[in-house]
file work-v1.cif (mmCIF, C-alpha atoms and all ligand atoms)
data_final
#
loop_
_atom_site.label_atom_id
_atom_site.label_comp_id
_atom_site.auth_asym_id
_atom_site.auth_seq_id
_atom_site.Cartn_x
_atom_site.Cartn_y
_atom_site.Cartn_z
CA MET A 1 -0.12 -4.19 33.58
CA ARG A 2 3.03 -4.69 31.59
CA LEU A 3 3.91 -8.39 31.65
CA ALA A 4 7.31 -9.68 30.61
CA THR A 5 9.33 -12.86 30.30
CA PHE A 6 12.92 -12.31 31.38
CA LYS A 7 16.20 -13.86 32.49
CA THR A 8 18.41 -12.55 35.24
CA ASP A 9 21.55 -14.04 33.67
CA PRO A 10 22.30 -16.08 30.56
CA GLY A 11 22.23 -19.42 32.37
CA ALA A 12 19.08 -18.74 34.36
CA ALA A 13 15.63 -20.11 33.59
CA PRO A 14 13.06 -17.71 32.07
CA GLU A 15 10.86 -15.99 34.64
CA LEU A 16 7.61 -14.05 34.50
CA GLY A 17 7.62 -10.48 35.71
CA VAL A 18 5.66 -7.28 35.76
CA VAL A 19 7.23 -3.99 34.78
CA VAL A 20 6.60 -1.39 37.46
CA ALA A 21 7.27 2.31 37.90
CA GLY A 22 10.79 3.55 37.69
CA ASP A 23 11.87 1.07 35.04
CA ARG A 24 11.92 -1.87 37.39
CA ILE A 25 10.68 -5.43 36.99
CA ALA A 26 9.07 -7.40 39.81
CA PRO A 27 9.09 -11.20 39.51
CA LEU A 28 5.77 -13.04 39.52
CA SER A 29 7.31 -15.70 41.72
CA ARG A 30 8.05 -16.06 45.38
CA GLY A 31 10.43 -18.53 47.00
CA GLY A 32 11.05 -20.15 43.63
CA ALA A 33 7.32 -20.75 43.02
CA SER A 34 6.00 -18.90 39.98
CA LEU A 35 2.45 -17.65 39.77
CA ALA A 36 2.14 -19.52 36.44
CA ARG A 37 4.23 -21.98 34.41
CA ASP A 38 4.84 -19.53 31.61
CA MET A 39 3.14 -16.62 29.86
CA ILE A 40 0.62 -18.78 27.99
CA ASP A 41 -0.41 -20.41 31.29
CA LEU A 42 -0.64 -16.97 32.93
CA ILE A 43 -2.84 -15.67 30.09
CA ALA A 44 -5.06 -18.77 30.13
CA ARG A 45 -5.66 -18.45 33.89
CA TRP A 46 -5.59 -14.63 33.99
CA PRO A 47 -9.08 -14.10 35.47
CA ALA A 48 -8.01 -16.14 38.51
CA LEU A 49 -4.47 -14.76 38.74
CA LYS A 50 -4.74 -11.07 37.84
CA ASP A 51 -5.52 -9.82 41.35
CA GLU A 52 -2.48 -11.60 42.76
CA ALA A 53 -0.33 -10.32 39.88
CA ARG A 54 -1.47 -6.79 40.63
CA ARG A 55 -0.74 -7.23 44.36
CA ARG A 56 2.79 -8.35 43.55
CA ALA A 57 3.28 -5.48 41.12
CA GLU A 58 2.18 -2.99 43.78
CA ALA A 59 4.31 -4.60 46.51
CA GLY A 60 7.28 -4.65 44.14
CA GLU A 61 8.90 -7.43 46.15
CA GLY A 62 12.19 -8.54 44.61
CA ALA A 63 11.99 -5.84 41.95
CA ARG A 64 15.20 -5.04 40.16
CA PRO A 65 16.18 -2.53 37.49
CA LEU A 66 14.91 -3.48 34.03
CA ALA A 67 18.38 -2.72 32.71
CA SER A 68 19.79 -5.56 34.85
CA VAL A 69 17.75 -8.31 33.14
CA THR A 70 17.38 -9.68 29.62
CA LEU A 71 13.86 -9.34 28.26
CA LEU A 72 12.88 -12.39 26.19
CA ALA A 73 10.01 -12.83 23.77
CA PRO A 74 7.01 -12.33 26.10
CA ILE A 75 5.68 -15.64 24.73
CA PRO A 76 8.72 -17.69 23.70
CA ARG A 77 6.72 -20.12 21.54
CA PRO A 78 3.23 -18.85 20.65
CA GLY A 79 0.69 -21.43 19.54
CA LYS A 80 0.33 -19.57 16.26
CA ILE A 81 1.41 -16.35 14.62
CA MET A 82 -1.05 -15.00 12.07
CA ALA A 83 -0.28 -11.90 10.05
CA ILE A 84 -2.28 -9.76 7.65
CA GLY A 85 -0.78 -8.27 4.51
CA LEU A 86 -1.67 -5.01 2.74
CA ASN A 87 -3.52 -3.41 5.63
CA TYR A 88 -2.50 0.28 5.46
CA ALA A 89 -3.59 2.29 2.41
CA ASP A 90 -0.18 3.97 2.01
CA HIS A 91 1.63 0.61 2.11
CA ILE A 92 -0.78 -0.84 -0.46
CA ALA A 93 0.03 2.09 -2.76
CA GLU A 94 3.80 1.80 -2.34
CA SER A 95 3.54 -1.94 -3.03
CA ASN A 96 1.72 -1.22 -6.32
CA ALA A 97 -1.07 -3.44 -5.07
CA LYS A 98 -4.84 -2.96 -5.25
CA PRO A 99 -6.82 -2.50 -2.03
CA PRO A 100 -7.79 -6.06 -1.17
CA GLU A 101 -11.43 -7.06 -1.29
CA HIS A 102 -10.74 -9.73 1.31
CA GLN A 103 -8.35 -9.80 4.23
CA THR A 104 -5.03 -11.28 3.08
CA TRP A 105 -3.66 -13.63 5.74
CA PHE A 106 -0.50 -15.65 6.07
CA SER A 107 1.21 -17.28 9.01
CA LYS A 108 4.70 -16.89 10.37
CA ALA A 109 6.36 -20.05 11.70
CA THR A 110 6.28 -20.03 15.50
CA THR A 111 10.03 -20.78 15.44
CA ALA A 112 10.49 -17.24 14.04
CA ALA A 113 9.51 -15.73 17.41
CA THR A 114 12.37 -13.98 19.13
CA GLY A 115 13.09 -11.45 21.84
CA PRO A 116 12.60 -7.69 21.75
CA PHE A 117 16.36 -7.06 21.83
CA ALA A 118 17.64 -10.33 20.30
CA PRO A 119 19.59 -10.46 17.03
CA VAL A 120 17.70 -10.72 13.75
CA GLU A 121 19.43 -13.01 11.30
CA ILE A 122 20.50 -12.03 7.80
CA PRO A 123 20.30 -15.55 6.37
CA ARG A 124 22.81 -17.07 3.96
CA ALA A 125 19.90 -17.63 1.56
CA SER A 126 19.04 -13.97 0.89
CA ALA A 127 20.26 -10.38 0.81
CA ALA A 128 16.73 -8.94 0.60
CA VAL A 129 15.75 -8.80 4.28
CA ASP A 130 13.26 -6.07 5.19
CA TYR A 131 11.48 -4.64 8.24
CA GLU A 132 7.77 -4.08 8.89
CA ALA A 133 6.74 -2.23 12.06
CA GLU A 134 3.46 -3.67 13.34
CA LEU A 135 1.03 -3.56 16.22
CA VAL A 136 0.84 -7.09 17.61
CA VAL A 137 -2.31 -8.40 19.30
CA VAL A 138 -1.97 -11.07 21.99
CA ILE A 139 -5.05 -13.26 22.26
CA GLY A 140 -6.51 -13.89 25.72
CA PRO A 141 -9.50 -16.22 26.09
CA GLY A 142 -9.86 -16.39 22.31
CA GLY A 143 -12.50 -18.67 20.87
CA ARG A 144 -14.40 -19.16 17.62
CA ASN A 145 -16.76 -16.93 15.64
CA LEU A 146 -15.96 -13.82 17.65
CA SER A 147 -17.59 -10.56 16.66
CA GLY A 148 -18.52 -7.29 18.34
CA ALA A 149 -17.98 -7.35 22.10
CA ALA A 150 -16.71 -10.94 21.91
CA ALA A 151 -13.90 -9.90 19.55
CA ARG A 152 -12.89 -7.14 21.98
CA ALA A 153 -13.03 -9.55 24.93
CA ALA A 154 -10.80 -12.02 23.07
CA VAL A 155 -7.78 -9.70 23.31
CA PHE A 156 -5.36 -10.01 26.21
CA GLY A 157 -2.98 -7.22 25.28
CA PHE A 158 -0.68 -5.56 22.78
CA CYS A 159 3.02 -5.47 21.82
CA CYS A 160 5.33 -3.92 19.28
CA GLY A 161 6.45 -6.30 16.54
CA ASN A 162 8.60 -6.48 13.45
CA ASP A 163 7.28 -8.70 10.64
CA VAL A 164 10.76 -9.24 9.20
CA SER A 165 10.39 -10.29 5.58
CA VAL A 166 12.74 -11.96 3.10
CA ARG A 167 11.45 -10.22 -0.01
CA ASP A 168 12.90 -12.40 -2.75
CA TRP A 169 11.60 -15.56 -1.08
CA GLN A 170 8.28 -13.82 -0.32
CA MET A 171 7.60 -12.55 -3.83
CA ARG A 172 8.93 -15.27 -6.12
CA THR A 173 5.90 -17.45 -5.55
CA GLY A 174 2.25 -16.63 -4.83
CA GLN A 175 2.64 -17.87 -1.27
CA TRP A 176 4.37 -15.64 1.30
CA VAL A 177 4.72 -18.06 4.22
CA ILE A 178 8.33 -19.14 3.80
CA GLY A 179 9.57 -15.61 3.10
CA LYS A 180 7.93 -14.51 6.35
CA SER A 181 9.07 -17.45 8.47
CA PHE A 182 12.87 -17.40 8.67
CA ASP A 183 14.28 -17.99 12.16
CA THR A 184 14.39 -14.80 14.32
CA HIS A 185 12.08 -12.95 11.92
CA ALA A 186 9.27 -12.33 14.39
CA PRO A 187 10.74 -10.20 17.20
CA PHE A 188 8.09 -8.76 19.52
CA GLY A 189 7.68 -7.17 22.93
CA PRO A 190 9.25 -5.58 24.88
CA TRP A 191 6.41 -6.74 27.14
CA ILE A 192 2.66 -7.30 26.84
CA THR A 193 0.63 -4.24 27.78
CA THR A 194 -2.71 -5.57 28.97
CA ALA A 195 -5.76 -4.43 27.01
CA ASP A 196 -7.23 -2.49 29.97
CA GLU A 197 -4.29 -0.06 29.64
CA VAL A 198 -4.85 0.52 25.91
CA PRO A 199 -8.12 2.44 25.70
CA ASP A 200 -8.08 2.57 21.89
CA PRO A 201 -5.69 0.36 19.91
CA HIS A 202 -6.67 2.31 16.80
CA ALA A 203 -5.10 5.60 17.92
CA LEU A 204 -1.46 4.67 18.42
CA GLY A 205 1.51 6.29 16.71
CA ILE A 206 3.77 3.61 15.18
CA ARG A 207 7.32 4.25 13.98
CA CYS A 208 10.30 2.33 12.65
CA PHE A 209 13.90 3.49 12.63
CA VAL A 210 16.91 1.89 10.94
CA ASN A 211 20.20 3.06 12.46
CA GLY A 212 18.31 6.05 13.87
CA GLU A 213 16.81 7.07 10.48
CA LYS A 214 13.02 7.23 10.57
CA ARG A 215 11.63 4.91 7.87
CA GLN A 216 8.01 4.42 8.95
CA ASP A 217 5.81 6.92 10.78
CA SER A 218 2.07 6.30 10.91
CA ASN A 219 -0.84 5.66 13.23
CA THR A 220 -2.95 2.56 13.80
CA ARG A 221 -6.01 4.67 12.94
CA HIS A 222 -5.03 4.01 9.32
CA LEU A 223 -5.55 0.23 9.50
CA VAL A 224 -7.76 -0.86 6.60
CA PHE A 225 -9.20 -3.79 8.56
CA ASP A 226 -9.11 -2.94 12.27
CA VAL A 227 -8.20 -5.32 15.08
CA TRP A 228 -11.83 -6.31 15.74
CA ALA A 229 -12.50 -7.04 12.05
CA GLU A 230 -9.31 -9.11 11.92
CA ILE A 231 -10.39 -11.21 14.92
CA GLU A 232 -13.90 -11.61 13.54
CA HIS A 233 -12.52 -12.79 10.19
CA LEU A 234 -9.83 -15.13 11.51
CA SER A 235 -12.06 -16.73 14.13
CA GLN A 236 -14.56 -17.78 11.49
CA ALA A 237 -11.85 -20.14 10.30
CA MET A 238 -9.81 -21.09 13.34
CA THR A 239 -10.00 -21.22 17.11
CA LEU A 240 -7.95 -18.41 18.61
CA GLU A 241 -6.15 -19.58 21.71
CA PRO A 242 -4.45 -17.90 24.68
CA GLY A 243 -1.11 -16.43 23.64
CA ASP A 244 -1.70 -16.58 19.89
CA LEU A 245 -0.25 -13.55 18.10
CA ILE A 246 -1.77 -11.41 15.37
CA PHE A 247 0.54 -9.11 13.39
CA THR A 248 -1.86 -6.41 12.20
CA GLY A 249 -0.07 -5.02 9.15
CA THR A 250 2.57 -2.41 8.37
CA PRO A 251 2.37 1.17 7.11
CA ALA A 252 4.35 2.68 4.22
CA GLY A 253 8.11 3.03 4.30
CA VAL A 254 9.45 -0.52 3.96
CA GLY A 255 12.91 -0.89 2.44
CA ALA A 256 11.64 -2.80 -0.62
CA SER A 257 9.63 0.25 -1.73
CA MET A 258 12.55 2.68 -1.61
CA ARG A 259 14.22 3.61 -4.91
CA PRO A 260 16.61 1.92 -4.99
CA PRO A 261 15.49 -0.63 -2.38
CA LYS A 262 17.31 -0.50 0.93
CA PHE A 263 17.52 -3.91 2.51
CA LEU A 264 18.88 -4.71 5.95
CA LYS A 265 22.48 -5.78 6.38
CA ALA A 266 24.55 -7.12 9.25
CA GLY A 267 25.12 -4.43 11.86
CA ASP A 268 21.90 -2.51 11.13
CA VAL A 269 19.76 -1.74 14.18
CA VAL A 270 15.99 -1.74 13.67
CA ARG A 271 13.79 -0.06 16.24
CA VAL A 272 9.98 -0.35 16.30
CA GLU A 273 8.09 1.85 18.74
CA ILE A 274 4.38 2.27 19.39
CA ASP A 275 2.82 4.91 21.64
CA GLY A 276 2.23 3.49 25.10
CA LEU A 277 3.62 0.03 24.29
CA GLY A 278 7.37 0.69 24.49
CA ALA A 279 9.90 -0.22 21.82
CA ILE A 280 11.87 -3.17 20.51
CA GLU A 281 15.33 -2.88 19.01
CA ASN A 282 17.04 -5.66 17.10
CA CYS A 283 20.52 -5.74 15.63
CA CYS A 284 20.96 -7.64 12.36
CA GLU A 285 23.57 -10.40 12.36
CA ALA A 286 24.85 -12.53 9.52
CA GLN A 287 23.82 -16.18 9.88
CA GLY A 288 26.81 -18.12 11.21
MN MN A 301 3.48 -7.53 7.66
#
call {"tool": "encode", "arguments": {"input": "work-v1.cif", "output": "structure tokens"}}
result
Amino acid sequence: MRLATFKTDPGAAPELGVVVAGDRIAPLSRGGASLARDMIDLIARWPALKDEARRRAEAGEGARPLASVTLLAPIPRPGKIMAIGLNYADHIAESNAKPPEHQTWFSKATTAATGPFAPVEIPRASAAVDYEAELVVVIGPGGRNLSGAAARAAVFGFCCGNDVSVRDWQMRTGQWVIGKSFDTHAPFGPWITTADEVPDPHALGIRCFVNGEKRQDSNTRHLVFDVWAEIEHLSQAMTLEPGDLIFTGTPAGVGASMRPPKFLKAGDVVRVEIDGLGAIENCCEAQG
């Protein structure tokens, strides 16, 4: 299933929906009563709710054209956003970095989460804003010390994401968190494709375009540490919870590695697409 959070008009409350055939979205509510409070609640109670969600998707009651709604971040405020750096060999090479012996993790502030088609801010504080196309994992039941089948079972679904990065802030200290955490710098979506519809998350073409120009073009088969290894590693340290996000790393082609570097500016449109998961497209806007 393809699960979304959407609004029917700017003043309306966010709703849960399921994207159905013919580019339509069916609400997961009836008579004003939603199947779940929000996406995190839906994910947490998914085993009990999935059959009803599927029934509503198939009935298509109240479905409307996708183009008539605004898709929001599928999870407006995730519990945490963890991201791995240096996880594609070609990106490690272009960054003049050595292949890491250990997985290199940082977090993105949860306030950076934004919608799949929402503006991305070019902040007053920097002119070195960059894109990173990434496969995003959405945690389902989660847990601690997850390996093997348990790591696979911990995943709820997958999205496209852009790990927007403020390079000067990222690189001027040894700690990347602030440079990765500016407001609006974690767009993801356009919806969550549930894991049962992604037979192999390590065989997905991933691309990034800036104003229609292809900048990144790779495949998730090139991940250095795959999704299961990432979950195994992270969950040794922290409890993964329903709706937590994992940004799984970016391939070569980021703006900082171009000669000369090509950073994002107001008016640029960044598109991230992944086979089978749809696409997100964000326009850059100067901070007001
Ligand atoms: Mn990244």
call {"tool": "atom_distance", "arguments": {"input": "work-v1.cif", "atom1": "CA of Ser235 in chain A", "atom2": "CA of Gly143 in chain A"}}
result
7.0 Å
call {"tool": "closest_atom_pairs", "arguments": {"input": "work-v1.cif", "of": "chain A", "to": "ligand MN 301 (chain A)", "cutoff": "8 Å", "atoms": "only C-alpha atoms and all ligand atoms", "output": "JSON lines"}}
result
{"residue": "A:Ala83", "atom": "CA", "partner": "A:MN301", "partner_atom": "MN", "distance": 6.2}
{"residue": "A:Ile84", "atom": "CA", "partner": "A:MN301", "partner_atom": "MN", "distance": 6.2}
{"residue": "A:Gly85", "atom": "CA", "partner": "A:MN301", "partner_atom": "MN", "distance": 5.3}
{"residue": "A:Leu86", "atom": "CA", "partner": "A:MN301", "partner_atom": "MN", "distance": 7.6}
{"residue": "A:Glu132", "atom": "CA", "partner": "A:MN301", "partner_atom": "MN", "distance": 5.6}
{"residue": "A:Ala133", "atom": "CA", "partner": "A:MN301", "partner_atom": "MN", "distance": 7.6}
{"residue": "A:Glu134", "atom": "CA", "partner": "A:MN301", "partner_atom": "MN", "distance": 6.9}
{"residue": "A:Asn162", "atom": "CA", "partner": "A:MN301", "partner_atom": "MN", "distance": 7.8}
{"residue": "A:Asp163", "atom": "CA", "partner": "A:MN301", "partner_atom": "MN", "distance": 5.0}
{"residue": "A:Val164", "atom": "CA", "partner": "A:MN301", "partner_atom": "MN", "distance": 7.6}
{"residue": "A:Ser165", "atom": "CA", "partner": "A:MN301", "partner_atom": "MN", "distance": 7.7}
{"residue": "A:Phe247", "atom": "CA", "partner": "A:MN301", "partner_atom": "MN", "distance": 6.6}
{"residue": "A:Thr248", "atom": "CA", "partner": "A:MN301", "partner_atom": "MN", "distance": 7.1}
{"residue": "A:Gly249", "atom": "CA", "partner": "A:MN301", "partner_atom": "MN", "distance": 4.6}
{"residue": "A:Thr250", "atom": "CA", "partner": "A:MN301", "partner_atom": "MN", "distance": 5.2}
call {"tool": "residues_around", "arguments": {"input": "work-v1.cif", "residues": "Glu285 in chain A", "least_positions_apart": "3", "cutoff": "8 Å", "atoms": "all atoms listed in the file", "output": "list in words"}}
result
Pro119, Val120, Glu121, Ile122, Lys265, Ala266 and Gly267 of chain A
call {"tool": "closest_residue", "arguments": {"input": "work-v1.cif", "among": "A:Asp130, A:Asp183, A:Glu230, A:Glu273", "to": "Gly253 in chain A", "atoms": "all atoms listed in the file"}}
result
A:Asp130
call {"tool": "residues_around", "arguments": {"input": "work-v1.cif", "residues": "Glu15 in chain A", "least_positions_apart": "2", "cutoff": "9 Å", "atoms": "only C-alpha atoms", "output": "list in words"}}
result
Ala4, Thr5, Phe6, Lys7, Thr8, Ala12, Ala13, Gly17, Pro27, Leu28, Ser29, Ser34, Arg37 and Asp38 of chain A
